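Peer 1: So that we are looking at the same thing, I have put the structure below in structure tokens.
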Amino acid sequence: MPDLSLVQLRHFCAVAEHGSISEAARVKHVSATAISSAINSLERTLGTQLCDRERSRGVTLTPNGHHFYREARRVLRDADDLLRLHPEAAAEHAGPVHIGAFGTIAPVILPELIETLERERPGMQIEVSTGTALELVEMMEVGDLHCFFSYDVFSRAGSLPAGLEMKALYQTELQALFSPSHPLAARASVSIDDLKSEPMIVFESNPSRRFSAAALGQLRPDMKVRFRTREYELMRAMVARGLGYSLVMNPFPAAASFDGRPVRSVRLDPPLAGTTVVVVKPSGRWQHPHTKAVIEVAHRLAAAGGLGASQ
């Protein structure tokens, strides 16, 4: 039986993950012909069809293709681990570094981080994912992430699994978010007593709910919750239209809602429920060769006031 190559497996997995040969070729920086040739070769070697290809629908995996994809991912993870035993060869052959971020801080952290990495390390291939803290942990445990950025929900909950470790990036604080027309929006700071009589829009997307619990506890039973939502941009748009205020964890530097209306954040006095933005990575020696560089650049940018650290 002819040998299977890691290149063929990587090309096949790229097609499975991106849904088209052209997109896989763009991501892998090769020609579409090279991607097609790799898949054709795999299908001949295995004696089975892995993909259905239609111009209007792109590429979909057959049942055998789905099974082979899961096994191919496992083989590639094992191969990456083997390459990490030899750092001098790993950087060239280990494939893209996959960076994750908690959904609501991803727009603040990832664009600046990726822009800097691509400028300073043009040979580095980067892939990104977003999700909840739990989803990011699960992705890392199965090898789909090499590091991710999140609020520190792990210290309080004791929920960081064995084999993972985290490092602090910078501190955050809870702030009140208002429409500029709100009577409290012009103040330098507001207190919990100032907010008790104001209609509130509660943003409940974890982990923000955990962080706002201390403040909400002080507001009860007098708090006036008008709306609850798990959608961050919906909350901001409602605040911008004067439907209530909300409590948000910085960094959120955008001065306008999704529909273009201005919003203003105001510090709480005394401060409440501060937390830490952290980077999580595997512990021990088993690291993607670019993970260290990603984390070093993130710390440098944060120390200079980037990635939302100065907000």
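Chain identifiers are assigned as A, B, and so on, following the order in which chains appear in the structure tokens; residues are numbered from 1 within each chain, and ligands are numbered from 1 in order of appearance.
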Considering only C-alpha atoms, give me a table of residues in region 227-306 of chain A that are at most 7 Å from region 132-152 of chain A, with the closest atom pair and distance in Å for each, as a tab-separated table.
Peer 2:
```
residue	atom	partner	partner_atom	distance
A:Thr275	CA	A:Asp152	CA	6.6
A:Thr276	CA	A:Asp152	CA	5.5
A:Val277	CA	A:Tyr151	CA	4.5
A:Val278	CA	A:Ser150	CA	5.5
A:Val279	CA	A:Phe149	CA	4.5
A:Val280	CA	A:Phe148	CA	5.3
A:Lys281	CA	A:Cys147	CA	4.5
A:His288	CA	A:His146	CA	6.5
A:Thr291	CA	A:His146	CA	6.6
```
Peer 1: Go ahead and save the picked residues with N, CA and C atoms, as a compact mmCIF listing (two decimals), in the first residue's frame.
Peer 2:
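What follows is the written file result.txt:
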```txt
# COMPACT_ATOMS: atom_id res chain seq x y z
N THR A 275 -11.35 41.68 37.81
CA THR A 275 -10.83 40.35 37.52
C THR A 275 -9.61 40.48 36.63
N THR A 276 -9.14 39.37 36.08
CA THR A 276 -7.91 39.35 35.30
C THR A 276 -8.17 38.71 33.95
N VAL A 277 -7.61 39.31 32.91
CA VAL A 277 -7.54 38.64 31.61
C VAL A 277 -6.31 37.74 31.64
N VAL A 278 -6.49 36.49 31.29
CA VAL A 278 -5.40 35.51 31.37
C VAL A 278 -5.18 34.84 30.03
N VAL A 279 -4.02 34.27 29.87
CA VAL A 279 -3.74 33.40 28.73
C VAL A 279 -3.53 31.99 29.27
N VAL A 280 -4.20 31.03 28.65
CA VAL A 280 -4.15 29.63 29.08
C VAL A 280 -3.40 28.83 28.03
N LYS A 281 -2.52 27.94 28.49
CA LYS A 281 -1.74 27.10 27.58
C LYS A 281 -1.50 25.75 28.24
N HIS A 288 3.26 23.92 21.18
CA HIS A 288 3.50 24.29 19.78
C HIS A 288 4.69 25.24 19.77
N THR A 291 3.88 28.93 20.34
CA THR A 291 3.06 29.37 21.48
C THR A 291 3.79 30.38 22.34
```
Peer 1: CA of Ala256 (chain A) and CA of Ile105 (chain A) are how many Å apart?
Peer 2: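 Going from CA of Ala256 (chain A) over to CA of Ile105 (chain A) covers 16.0 Å.
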Peer 1: How far is it from CA of Ile201 (chain A) to CA of Val248 (chain A), in Å with one decimal?
Peer 2: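 Straight-line distance from CA of Ile201 (chain A) to CA of Val248 (chain A) works out to 10.4 Å.
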Peer 1: Give me, as a list of chain:residue names, the residues of region 130-173 of chain A that a backbone DSSP run labels strand (DSSP E).
Peer 2: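 Reading the DSSP output for region 130-173 of chain A, strand (DSSP E) covers A:Thr130, A:Gly131, A:Cys147, A:Phe148, A:Phe149, A:Ser150, A:Tyr151, A:Leu164, A:Glu165, A:Met166, A:Lys167, A:Ala168, A:Leu169, A:Tyr170, A:Gln171, A:Thr172.
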Peer 1: As an exercise, work out the distance from CA of Glu173 (chain A) to CA of Ile192 (chain A) in Å and give it to one decimal place.
Peer 2: 14.4 Å
Peer 1: Please provide as a list in words all residues within 8 Å of Pro199 (chain A), with the sequence filter that same-chain residues fewer than 5 positions apart are discarded (counting only C-alpha atoms).
Peer 2: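 Residues near the query, excluding close chain neighbours: Met223, Lys224, Val225, Arg226, Leu243, Gly244 and Tyr245 of chain A.
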Peer 1: Those residues you just picked out, can you put them in a file as a short mmCIF file (atom, residue, chain, number, x, y, z; two decimals), in the first residue's frame with N, CA and C atoms?
Peer 2:
```cif
data_model
loop_
_atom_site.label_atom_id
_atom_site.label_comp_id
_atom_site.auth_asym_id
_atom_site.auth_seq_id
_atom_site.Cartn_x
_atom_site.Cartn_y
_atom_site.Cartn_z
N MET A 223 -32.87 46.45 42.81
CA MET A 223 -32.48 46.57 41.41
C MET A 223 -33.69 46.48 40.50
N LYS A 224 -33.64 47.21 39.42
CA LYS A 224 -34.76 47.26 38.49
C LYS A 224 -34.32 46.67 37.15
N VAL A 225 -34.35 45.35 37.05
CA VAL A 225 -33.96 44.68 35.82
C VAL A 225 -35.08 44.83 34.81
N ARG A 226 -34.77 45.48 33.70
CA ARG A 226 -35.77 45.68 32.65
C ARG A 226 -35.67 44.62 31.57
N LEU A 243 -32.59 52.57 26.84
CA LEU A 243 -33.55 51.64 27.44
C LEU A 243 -33.10 51.17 28.82
N GLY A 244 -31.92 51.56 29.24
CA GLY A 244 -31.41 51.19 30.54
C GLY A 244 -29.89 51.26 30.53
N TYR A 245 -29.29 51.03 31.68
CA TYR A 245 -27.84 50.95 31.76
C TYR A 245 -27.45 49.47 31.89
#
```
Peer 1: For Gly131 (chain A), work out the shell of residues within 7 Å, counting only C-alpha atoms and skipping chain neighbours fewer than 6 positions away, then give it as a PyMOL selection string.
Peer 2: chain A and resi 101-103
Peer 1: Between A:Ala309, A:Ala254, A:Val59, A:Val97, which is the closest to Tyr170 (chain A) once you count only C-alpha atoms?
Peer 2: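 Answer, going by the shortest atom-to-atom distance: A:Ala309.
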Peer 1: As an MDAnalysis selection string, please: every residue in region 223-299 of chain A that DSSP puts in helix (DSSP H, G or I).
Peer 2: chainID A and resid 232:240 291:299
Peer 1: Report as a PyMOL selection string all protein, DNA and RNA residues lying within 12 Å of Val75 (chain A), evaluated on only C-alpha atoms, omitting residues in the same chain fewer than 6 positions from it.
Peer 2: chain A and resi 4-10+13+68-69+81-82+143
Peer 1: Can you spit out the residues from that selection as a PDB file, in the first residue's frame, using C-alpha atoms?
Peer 2:
```
ATOM      1  CA  LEU A   4       0.165   8.427   3.352  1.00  0.00           C
ATOM      2  CA  SER A   5       1.952  11.735   3.847  1.00  0.00           C
ATOM      3  CA  LEU A   6       1.355  14.340   6.543  1.00  0.00           C
ATOM      4  CA  VAL A   7       0.987  16.940   3.806  1.00  0.00           C
ATOM      5  CA  GLN A   8      -1.898  14.972   2.278  1.00  0.00           C
ATOM      6  CA  LEU A   9      -3.554  14.686   5.677  1.00  0.00           C
ATOM      7  CA  ARG A  10      -3.141  18.416   6.386  1.00  0.00           C
ATOM      8  CA  CYS A  13      -8.263  18.360   6.975  1.00  0.00           C
ATOM      9  CA  PHE A  68     -11.217   9.510   8.219  1.00  0.00           C
ATOM     10  CA  TYR A  69     -11.156  13.202   9.220  1.00  0.00           C
ATOM     11  CA  ASP A  81       3.794  16.209  19.463  1.00  0.00           C
ATOM     12  CA  LEU A  82       6.627  14.199  17.940  1.00  0.00           C
ATOM     13  CA  GLY A 143      -5.706  19.543  20.683  1.00  0.00           C
TER      14      GLY A 143
END
```
Peer 1: Pick from A:Leu117, A:Met235, A:Leu247, A:Leu184: nearest to Asp259 (chain A), with only C-alpha atoms counted?
Peer 2: A:Met235
Peer 1: Return the single residue from A:Glu165, A:Glu43, A:Glu204, A:Asp269 that is closest to Tyr232 (chain A), with distances computed using only C-alpha atoms.
Peer 2: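 Nearest candidate to Tyr232 (chain A) out of A:Glu165, A:Glu43, A:Glu204, A:Asp269: A:Glu204.
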